[in-house]
Amino acid sequence: MVVSRNIVSLILAQGVTSCRKPKLDEGYFNSEENVYNEGTTLYYGCNKGRKPVAEGWWGITVCKNSQWTPEPQCIDESDCVAPDNPNAKVRKPSEEGWYKNGRSVNFECDEFYETKRTNAKCENGIWEDLPVCEKRKDLCGEPPQVKNAVITQEYRDTFLDSSSVQYKCQDSYNLNITDPTICISGIWSGIPKCKNKNIDLTKSGSEQRSNEHCICFSVDKCGEKPVVDNGDYISDDTRMALTYKCNLYYKLEGPEKVMCHSNGVWSETPVCKEPCTVSPTSFDLLDATTNQYVMDGGSSVFLCKQKGYYGTRYFSHFHCQNGKVTHKPCTRKYDVPNT
């Protein structure tokens with residue numbers, strides 16, 4: 001024993017990095033030396049009813065900078081080791097490196113991930129209902145490449161919702177829009193183009209107002225949705241536009257899609273143009289008891305009261321233009337022009 005102590009003292013006196021024999025309550029090591037060189041790995045097990053602070057029934061510790069890492073410990077089998085939860089971490093980790101049976105902990109997801117539930121509980125050595133952190137659906141990938149341009153920040157392949165980037169054209173080109181490009185609900189909005197300075201840019205104003213270059217937000221951020229008489233809207237999967245449809249026989253005029261500009265103002269809304277009404281009381285030639293309708297700018301063929309020999313039916317061709325109805329005399333169906 002005196003010799004061993006002298007060896008330890010000699011090693012320490014010479015400044016050699018080493019570790020003393022580690023302590024372990026209710027457990028055992030694969031080696032029982034009094035001192036170990038830097039980088040030495042020890043394996044350990046625990047007595048009945050205990051377990052290592054590690055996944056599995058044996059543990060490992062390494063001599064690093066004169067300390068054993070991780071610290072070898074044997075804990076009760078009903079306690080839990082630190083949870084290994086992908087893309088998540090415990091908000092306030094235990095200083096001991098393990099958790100008592102019955103303890104609950106809160107998790108937070110890594111950047112770019114989210115979860116609906118944040119807590120889990122240690123139950124008899126097992127973590128119950130660990131939260132699952134999934135990649136956010138509103139993330140954007142790398143911004144689109146623009147010809148003759150670069151982005152003035154370090155490269156990244158993932159961006160959070162509402163992140164922005166700024167493009168810069170090479171010297172002989174100008175950006176057609178100057179606002180930053182923004183990630184909105186997984187889509188890059190307001191992607192610019194680089195225009196040659198020697199080319200006439202008189203159309204740039206209208207280009208900036210078009211939806212193609214719209215600096216737009218989710219439709220949820222513009223307040224009350226625009227009302228279009230005799231029509232209704234649906235949101236697309238990305239919630240970046242409202243798509244309008246008119247009621248039966250009504251004609252859509254204007255943009256089908258309406259978007260929310262970054263200043264909180266809706267883009268141009270369409271109108272549903274009223275159809276022409278073909279009433280049996282106004283057009284006595286019709287063989288009908290209810291009103292018929294023709295879409296503006298369109299044509300329809302309706303049945304006439306007139307009949308030919310052997311009961312042959314006759315039809316009339318009706319056309320609607322700006323609310324005004326015109327029609328042709330009743331004739332046999334095969335004489336009616338294509339509509």
# chains A, B, ... in the order shown; residues from 1 in each chain; ligands from 1

$ residues_around --residues "A:Gly264" --least-positions-apart "6" --cutoff "10 Å" --atoms "only C-alpha atoms" --output "list in words"
Cys216, Phe217, Val219, Lys221, Cys222 and Gly223 of chain A

$ residues_around --residues "A:Trp266" --least-positions-apart "2" --cutoff "9 Å" --atoms "only C-alpha atoms" --output "PyMOL selection string"
chain A and resi 219+222+225-226+258-261+263-264+268-269

$ residues_around --residues "stretch 42-50 of chain A" --least-positions-apart "6" --cutoff "12 Å" --atoms "only C-alpha atoms" --output "PDB file with N, CA, C and O atoms, in the first residue's frame"
ATOM      1  N   CYS A  19      -5.863  10.280 -13.281  1.00  0.00           N
ATOM      2  CA  CYS A  19      -7.046  10.279 -12.426  1.00  0.00           C
ATOM      3  C   CYS A  19      -6.856   9.283 -11.290  1.00  0.00           C
ATOM      4  O   CYS A  19      -6.318   8.189 -11.490  1.00  0.00           O
ATOM      5  N   LYS A  21      -8.409   6.684  -8.443  1.00  0.00           N
ATOM      6  CA  LYS A  21      -9.441   5.652  -8.497  1.00  0.00           C
ATOM      7  C   LYS A  21     -10.805   6.291  -8.227  1.00  0.00           C
ATOM      8  O   LYS A  21     -10.982   6.990  -7.225  1.00  0.00           O
ATOM      9  N   PRO A  22     -11.791   6.094  -9.105  1.00  0.00           N
ATOM     10  CA  PRO A  22     -13.099   6.729  -8.907  1.00  0.00           C
ATOM     11  C   PRO A  22     -13.891   6.070  -7.784  1.00  0.00           C
ATOM     12  O   PRO A  22     -13.709   4.893  -7.480  1.00  0.00           O
ATOM     13  N   LYS A  23     -14.790   6.865  -7.189  1.00  0.00           N
ATOM     14  CA  LYS A  23     -15.675   6.344  -6.153  1.00  0.00           C
ATOM     15  C   LYS A  23     -16.989   5.907  -6.793  1.00  0.00           C
ATOM     16  O   LYS A  23     -17.484   6.535  -7.728  1.00  0.00           O
ATOM     17  N   LEU A  24     -17.564   4.841  -6.269  1.00  0.00           N
ATOM     18  CA  LEU A  24     -18.839   4.350  -6.796  1.00  0.00           C
ATOM     19  C   LEU A  24     -19.580   3.604  -5.696  1.00  0.00           C
ATOM     20  O   LEU A  24     -19.150   2.536  -5.256  1.00  0.00           O
ATOM     21  N   ASP A  25     -20.685   4.186  -5.237  1.00  0.00           N
ATOM     22  CA  ASP A  25     -21.505   3.523  -4.223  1.00  0.00           C
ATOM     23  C   ASP A  25     -22.389   2.470  -4.877  1.00  0.00           C
ATOM     24  O   ASP A  25     -23.022   2.717  -5.909  1.00  0.00           O
ATOM     25  N   GLU A  26     -22.417   1.301  -4.264  1.00  0.00           N
ATOM     26  CA  GLU A  26     -23.272   0.187  -4.695  1.00  0.00           C
ATOM     27  C   GLU A  26     -23.003  -0.226  -6.135  1.00  0.00           C
ATOM     28  O   GLU A  26     -23.920  -0.505  -6.903  1.00  0.00           O
ATOM     29  N   GLY A  27     -21.709  -0.260  -6.482  1.00  0.00           N
ATOM     30  CA  GLY A  27     -21.333  -0.701  -7.812  1.00  0.00           C
ATOM     31  C   GLY A  27     -19.892  -1.164  -7.847  1.00  0.00           C
ATOM     32  O   GLY A  27     -19.193  -1.158  -6.829  1.00  0.00           O
ATOM     33  N   TYR A  28     -19.403  -1.558  -9.022  1.00  0.00           N
ATOM     34  CA  TYR A  28     -18.057  -2.109  -9.151  1.00  0.00           C
ATOM     35  C   TYR A  28     -17.496  -1.779 -10.536  1.00  0.00           C
ATOM     36  O   TYR A  28     -18.234  -1.550 -11.496  1.00  0.00           O
ATOM     37  N   PHE A  29     -16.136  -1.740 -10.621  1.00  0.00           N
ATOM     38  CA  PHE A  29     -15.431  -1.457 -11.866  1.00  0.00           C
ATOM     39  C   PHE A  29     -14.765  -2.714 -12.405  1.00  0.00           C
ATOM     40  O   PHE A  29     -14.598  -3.710 -11.694  1.00  0.00           O
ATOM     41  N   ASN A  30     -14.340  -2.634 -13.656  1.00  0.00           N
ATOM     42  CA  ASN A  30     -13.611  -3.752 -14.248  1.00  0.00           C
ATOM     43  C   ASN A  30     -12.134  -3.728 -13.864  1.00  0.00           C
ATOM     44  O   ASN A  30     -11.380  -4.633 -14.217  1.00  0.00           O
ATOM     45  N   SER A  31     -11.704  -2.672 -13.139  1.00  0.00           N
ATOM     46  CA  SER A  31     -10.306  -2.558 -12.718  1.00  0.00           C
ATOM     47  C   SER A  31     -10.260  -1.879 -11.358  1.00  0.00           C
ATOM     48  O   SER A  31     -11.119  -1.045 -11.042  1.00  0.00           O
ATOM     49  N   GLU A  32      -9.255  -2.215 -10.557  1.00  0.00           N
ATOM     50  CA  GLU A  32      -9.170  -1.674  -9.201  1.00  0.00           C
ATOM     51  C   GLU A  32      -7.825  -1.003  -8.946  1.00  0.00           C
ATOM     52  O   GLU A  32      -7.276  -1.075  -7.855  1.00  0.00           O
ATOM     53  N   GLU A  33      -7.262  -0.330  -9.945  1.00  0.00           N
ATOM     54  CA  GLU A  33      -6.011   0.393  -9.750  1.00  0.00           C
ATOM     55  C   GLU A  33      -6.265   1.650  -8.913  1.00  0.00           C
ATOM     56  O   GLU A  33      -7.395   2.138  -8.808  1.00  0.00           O
ATOM     57  N   VAL A  35      -4.533   4.575  -9.553  1.00  0.00           N
ATOM     58  CA  VAL A  35      -4.346   5.735 -10.418  1.00  0.00           C
ATOM     59  C   VAL A  35      -4.403   5.271 -11.870  1.00  0.00           C
ATOM     60  O   VAL A  35      -3.987   4.154 -12.196  1.00  0.00           O
ATOM     61  N   TYR A  36      -4.939   6.161 -12.745  1.00  0.00           N
ATOM     62  CA  TYR A  36      -5.119   5.802 -14.155  1.00  0.00           C
ATOM     63  C   TYR A  36      -4.608   6.934 -15.037  1.00  0.00           C
ATOM     64  O   TYR A  36      -4.748   8.123 -14.704  1.00  0.00           O
ATOM     65  N   GLY A  56     -28.764   1.076 -20.602  1.00  0.00           N
ATOM     66  CA  GLY A  56     -28.200  -0.268 -20.512  1.00  0.00           C
ATOM     67  C   GLY A  56     -27.830  -0.632 -19.086  1.00  0.00           C
ATOM     68  O   GLY A  56     -27.978   0.163 -18.156  1.00  0.00           O
ATOM     69  N   TRP A  57     -27.307  -1.851 -18.900  1.00  0.00           N
ATOM     70  CA  TRP A  57     -27.036  -2.329 -17.544  1.00  0.00           C
ATOM     71  C   TRP A  57     -25.581  -2.142 -17.126  1.00  0.00           C
ATOM     72  O   TRP A  57     -25.202  -2.522 -16.025  1.00  0.00           O
ATOM     73  N   TRP A  58     -24.736  -1.591 -17.974  1.00  0.00           N
ATOM     74  CA  TRP A  58     -23.386  -1.219 -17.566  1.00  0.00           C
ATOM     75  C   TRP A  58     -23.083   0.193 -18.060  1.00  0.00           C
ATOM     76  O   TRP A  58     -23.721   0.699 -18.980  1.00  0.00           O
ATOM     77  N   GLY A  59     -22.101   0.828 -17.414  1.00  0.00           N
ATOM     78  CA  GLY A  59     -21.759   2.197 -17.756  1.00  0.00           C
ATOM     79  C   GLY A  59     -20.294   2.350 -18.105  1.00  0.00           C
ATOM     80  O   GLY A  59     -19.476   1.453 -17.878  1.00  0.00           O
ATOM     81  N   ILE A  60     -19.956   3.511 -18.663  1.00  0.00           N
ATOM     82  CA  ILE A  60     -18.587   3.817 -19.085  1.00  0.00           C
ATOM     83  C   ILE A  60     -18.201   5.180 -18.534  1.00  0.00           C
ATOM     84  O   ILE A  60     -19.016   6.105 -18.495  1.00  0.00           O
ATOM     85  N   THR A  61     -16.957   5.303 -18.115  1.00  0.00           N
ATOM     86  CA  THR A  61     -16.418   6.599 -17.704  1.00  0.00           C
ATOM     87  C   THR A  61     -14.980   6.698 -18.188  1.00  0.00           C
ATOM     88  O   THR A  61     -14.273   5.688 -18.289  1.00  0.00           O
ATOM     89  N   VAL A  62     -14.542   7.916 -18.524  1.00  0.00           N
ATOM     90  CA  VAL A  62     -13.226   8.132 -19.126  1.00  0.00           C
ATOM     91  C   VAL A  62     -12.464   9.172 -18.314  1.00  0.00           C
ATOM     92  O   VAL A  62     -13.039  10.171 -17.861  1.00  0.00           O
ATOM     93  N   CYS A  63     -11.171   8.948 -18.143  1.00  0.00           N
ATOM     94  CA  CYS A  63     -10.310   9.899 -17.450  1.00  0.00           C
ATOM     95  C   CYS A  63      -9.963  11.045 -18.393  1.00  0.00           C
ATOM     96  O   CYS A  63      -9.265  10.858 -19.398  1.00  0.00           O
ATOM     97  N   LYS A  64     -10.478  12.246 -18.089  1.00  0.00           N
ATOM     98  CA  LYS A  64     -10.218  13.429 -18.903  1.00  0.00           C
ATOM     99  C   LYS A  64      -9.852  14.591 -17.997  1.00  0.00           C
ATOM    100  O   LYS A  64     -10.629  14.949 -17.108  1.00  0.00           O
ATOM    101  N   TRP A  68     -13.142  12.006 -13.932  1.00  0.00           N
ATOM    102  CA  TRP A  68     -13.865  10.925 -14.600  1.00  0.00           C
ATOM    103  C   TRP A  68     -15.146  11.480 -15.220  1.00  0.00           C
ATOM    104  O   TRP A  68     -15.966  12.082 -14.540  1.00  0.00           O
ATOM    105  N   THR A  69     -15.265  11.277 -16.538  1.00  0.00           N
ATOM    106  CA  THR A  69     -16.390  11.835 -17.291  1.00  0.00           C
ATOM    107  C   THR A  69     -17.032  10.756 -18.166  1.00  0.00           C
ATOM    108  O   THR A  69     -16.321  10.085 -18.922  1.00  0.00           O
ATOM    109  N   PRO A  70     -18.381  10.603 -18.066  1.00  0.00           N
ATOM    110  CA  PRO A  70     -19.255  11.193 -17.044  1.00  0.00           C
ATOM    111  C   PRO A  70     -19.020  10.540 -15.690  1.00  0.00           C
ATOM    112  O   PRO A  70     -18.476   9.437 -15.614  1.00  0.00           O
ATOM    113  N   GLU A  71     -19.442  11.217 -14.645  1.00  0.00           N
ATOM    114  CA  GLU A  71     -19.235  10.687 -13.304  1.00  0.00           C
ATOM    115  C   GLU A  71     -19.963   9.356 -13.150  1.00  0.00           C
ATOM    116  O   GLU A  71     -21.161   9.264 -13.425  1.00  0.00           O
ATOM    117  N   PRO A  72     -19.265   8.291 -12.719  1.00  0.00           N
ATOM    118  CA  PRO A  72     -19.938   6.996 -12.536  1.00  0.00           C
ATOM    119  C   PRO A  72     -20.898   7.052 -11.348  1.00  0.00           C
ATOM    120  O   PRO A  72     -20.531   7.506 -10.266  1.00  0.00           O
ATOM    121  N   GLN A  73     -22.131   6.604 -11.571  1.00  0.00           N
ATOM    122  CA  GLN A  73     -23.146   6.614 -10.517  1.00  0.00           C
ATOM    123  C   GLN A  73     -24.051   5.402 -10.672  1.00  0.00           C
ATOM    124  O   GLN A  73     -24.342   4.969 -11.791  1.00  0.00           O
ATOM    125  N   CYS A  74     -24.507   4.880  -9.547  1.00  0.00           N
ATOM    126  CA  CYS A  74     -25.525   3.836  -9.539  1.00  0.00           C
ATOM    127  C   CYS A  74     -26.765   4.401  -8.855  1.00  0.00           C
ATOM    128  O   CYS A  74     -26.693   4.863  -7.712  1.00  0.00           O
ATOM    129  N   ILE A  75     -27.891   4.377  -9.556  1.00  0.00           N
ATOM    130  CA  ILE A  75     -29.129   4.947  -9.028  1.00  0.00           C
ATOM    131  C   ILE A  75     -30.174   3.850  -8.893  1.00  0.00           C
ATOM    132  O   ILE A  75     -30.008   2.735  -9.400  1.00  0.00           O
ATOM    133  N   ASP A  76     -31.251   4.162  -8.191  1.00  0.00           N
ATOM    134  CA  ASP A  76     -32.337   3.202  -8.022  1.00  0.00           C
ATOM    135  C   ASP A  76     -32.951   2.861  -9.383  1.00  0.00           C
ATOM    136  O   ASP A  76     -33.074   3.720 -10.250  1.00  0.00           O
ATOM    137  N   GLU A  77     -33.350   1.599  -9.550  1.00  0.00           N
ATOM    138  CA  GLU A  77     -33.903   1.167 -10.834  1.00  0.00           C
ATOM    139  C   GLU A  77     -35.189   1.901 -11.207  1.00  0.00           C
ATOM    140  O   GLU A  77     -35.565   1.959 -12.379  1.00  0.00           O
ATOM    141  N   SER A  78     -35.880   2.474 -10.220  1.00  0.00           N
ATOM    142  CA  SER A  78     -37.127   3.188 -10.506  1.00  0.00           C
ATOM    143  C   SER A  78     -36.879   4.625 -10.952  1.00  0.00           C
ATOM    144  O   SER A  78     -37.800   5.304 -11.413  1.00  0.00           O
ATOM    145  N   ASP A  79     -35.637   5.108 -10.795  1.00  0.00           N
ATOM    146  CA  ASP A  79     -35.302   6.453 -11.250  1.00  0.00           C
ATOM    147  C   ASP A  79     -35.006   6.437 -12.746  1.00  0.00           C
ATOM    148  O   ASP A  79     -34.874   5.379 -13.364  1.00  0.00           O
ATOM    149  N   CYS A  80     -34.893   7.612 -13.352  1.00  0.00           N
ATOM    150  CA  CYS A  80     -34.689   7.712 -14.803  1.00  0.00           C
ATOM    151  C   CYS A  80     -33.371   8.397 -15.129  1.00  0.00           C
ATOM    152  O   CYS A  80     -32.986   9.376 -14.474  1.00  0.00           O
ATOM    153  N   VAL A  81     -32.700   7.872 -16.146  1.00  0.00           N
ATOM    154  CA  VAL A  81     -31.516   8.555 -16.661  1.00  0.00           C
ATOM    155  C   VAL A  81     -31.984   9.740 -17.499  1.00  0.00           C
ATOM    156  O   VAL A  81     -33.173   9.867 -17.827  1.00  0.00           O
ATOM    157  N   GLY A 125     -38.654   4.239 -13.752  1.00  0.00           N
ATOM    158  CA  GLY A 125     -37.464   4.078 -14.583  1.00  0.00           C
ATOM    159  C   GLY A 125     -37.667   4.349 -16.056  1.00  0.00           C
ATOM    160  O   GLY A 125     -36.726   4.215 -16.841  1.00  0.00           O
TER     161      GLY A 125
END

$ atom_distance --atom1 "atom CA of A:Glu108" --atom2 "atom CA of A:Asp161"
18.2 Å

$ closest_residue --among "A:Ile182, A:Lys89, A:Asn322, A:Lys195" --to "A:Gln170" --atoms "only C-alpha atoms"
A:Lys195

$ select_by_dssp --residues "stretch 101-266 of chain A" --states "strand (DSSP E or B)" --output "count of residues only"
61

$ atom_distance --atom1 "atom CA of A:Glu111" --atom2 "atom CA of A:Ala82"
20.6 Å

$ closest_residue --among "A:Ile126, A:Cys183, A:Val294, A:Ala120" --to "A:Phe107" --atoms "only C-alpha atoms"
A:Ala120

$ atom_distance --atom1 "atom CA of A:Ser162" --atom2 "atom CA of A:Ser185"
8.0 Å

$ residues_around --residues "stretch 298-313 of chain A" --least-positions-apart "6" --cutoff "10 Å" --atoms "only C-alpha atoms" --output "PyMOL selection string"
chain A and resi 249+251+275-276+278+283-288+292+319-321+325-333+336-339

$ write_last_selection --atoms "N, CA, C and O atoms" --output "compact mmCIF listing (two decimals), in the first residue's frame"
# COMPACT_ATOMS: atom_id res chain seq x y z
N TYR A 249 -73.92 30.82 -62.90
CA TYR A 249 -74.30 31.76 -63.96
C TYR A 249 -73.62 33.13 -63.81
O TYR A 249 -73.67 33.93 -64.75
N LYS A 251 -70.42 35.65 -63.68
CA LYS A 251 -69.12 35.61 -64.34
C LYS A 251 -68.08 36.37 -63.51
O LYS A 251 -68.31 37.52 -63.12
N PRO A 275 -75.76 37.58 -64.45
CA PRO A 275 -76.15 37.00 -65.73
C PRO A 275 -77.39 37.70 -66.30
O PRO A 275 -78.04 38.51 -65.62
N CYS A 276 -77.71 37.39 -67.53
CA CYS A 276 -78.95 37.86 -68.13
C CYS A 276 -80.08 36.91 -67.76
O CYS A 276 -79.89 35.69 -67.75
N VAL A 278 -83.60 35.32 -68.71
CA VAL A 278 -84.51 35.05 -69.83
C VAL A 278 -85.83 34.58 -69.23
O VAL A 278 -85.95 33.44 -68.79
N PHE A 283 -90.26 36.52 -73.00
CA PHE A 283 -89.98 35.81 -74.26
C PHE A 283 -91.01 34.69 -74.39
O PHE A 283 -90.77 33.55 -73.97
N ASP A 284 -92.14 35.06 -74.99
CA ASP A 284 -93.27 34.13 -75.06
C ASP A 284 -92.96 32.90 -75.91
O ASP A 284 -93.64 31.88 -75.81
N LEU A 285 -91.94 32.99 -76.75
CA LEU A 285 -91.60 31.86 -77.61
C LEU A 285 -91.05 30.67 -76.83
O LEU A 285 -90.99 29.55 -77.33
N LEU A 286 -90.60 30.91 -75.59
CA LEU A 286 -89.97 29.85 -74.80
C LEU A 286 -90.99 28.86 -74.27
O LEU A 286 -92.07 29.24 -73.81
N ASP A 287 -90.61 27.60 -74.28
CA ASP A 287 -91.41 26.56 -73.66
C ASP A 287 -90.85 26.32 -72.26
O ASP A 287 -90.12 25.36 -72.01
N ALA A 288 -91.14 27.25 -71.35
CA ALA A 288 -90.59 27.19 -70.00
C ALA A 288 -91.57 27.83 -69.03
O ALA A 288 -92.37 28.69 -69.41
N GLN A 292 -84.86 31.45 -67.05
CA GLN A 292 -83.62 30.83 -67.49
C GLN A 292 -82.52 31.90 -67.42
O GLN A 292 -82.81 33.10 -67.42
N HIS A 319 -78.13 35.03 -76.45
CA HIS A 319 -76.79 35.53 -76.13
C HIS A 319 -76.91 36.70 -75.15
O HIS A 319 -77.83 37.52 -75.25
N CYS A 320 -75.97 36.75 -74.17
CA CYS A 320 -75.97 37.81 -73.15
C CYS A 320 -74.70 38.64 -73.28
O CYS A 320 -73.59 38.08 -73.28
N GLN A 321 -74.85 39.95 -73.37
CA GLN A 321 -73.69 40.84 -73.45
C GLN A 321 -73.98 42.10 -72.65
O GLN A 321 -74.88 42.87 -72.99
N VAL A 325 -79.95 40.99 -73.61
CA VAL A 325 -80.21 39.69 -74.23
C VAL A 325 -80.60 39.86 -75.69
O VAL A 325 -81.41 40.73 -76.04
N THR A 326 -79.99 39.05 -76.52
CA THR A 326 -80.42 38.95 -77.92
C THR A 326 -80.70 37.48 -78.20
O THR A 326 -80.14 36.59 -77.54
N HIS A 327 -81.57 37.21 -79.19
CA HIS A 327 -81.86 35.82 -79.51
C HIS A 327 -82.20 35.69 -80.98
O HIS A 327 -82.52 36.67 -81.67
N LYS A 328 -82.14 34.47 -81.45
CA LYS A 328 -82.45 34.17 -82.84
C LYS A 328 -83.79 33.45 -82.92
O LYS A 328 -84.26 32.87 -81.93
N PRO A 329 -84.40 33.47 -84.09
CA PRO A 329 -85.69 32.79 -84.24
C PRO A 329 -85.56 31.30 -83.93
O PRO A 329 -84.48 30.71 -84.02
N CYS A 330 -86.66 30.72 -83.55
CA CYS A 330 -86.67 29.29 -83.24
C CYS A 330 -86.39 28.49 -84.51
O CYS A 330 -86.88 28.81 -85.60
N THR A 331 -85.61 27.47 -84.37
CA THR A 331 -85.27 26.62 -85.50
C THR A 331 -84.98 25.23 -84.97
O THR A 331 -84.88 25.01 -83.76
N ARG A 332 -84.87 24.27 -85.90
CA ARG A 332 -84.55 22.93 -85.45
C ARG A 332 -83.14 22.89 -84.87
O ARG A 332 -82.26 23.64 -85.29
N LYS A 333 -82.92 22.01 -83.92
CA LYS A 333 -81.69 22.03 -83.12
C LYS A 333 -80.43 21.98 -83.97
O LYS A 333 -79.46 22.69 -83.70
N VAL A 336 -79.01 25.27 -85.07
CA VAL A 336 -78.54 26.25 -84.08
C VAL A 336 -77.02 26.31 -84.11
O VAL A 336 -76.36 25.28 -84.04
N PRO A 337 -76.43 27.50 -84.22
CA PRO A 337 -74.96 27.62 -84.25
C PRO A 337 -74.35 27.10 -82.96
O PRO A 337 -74.97 27.13 -81.90
N ASN A 338 -73.08 26.65 -83.04
CA ASN A 338 -72.37 26.22 -81.85
C ASN A 338 -72.16 27.40 -80.91
O ASN A 338 -71.91 28.52 -81.35
N THR A 339 -72.23 27.14 -79.60
CA THR A 339 -72.07 28.22 -78.62
C THR A 339 -70.73 28.10 -77.95
O THR A 339 -70.11 27.05 -77.96

$ closest_residue --among "A:Gln145, A:Asn34, A:Ser262, A:Asn291" --to "A:Cys169" --atoms "only C-alpha atoms"
A:Gln145
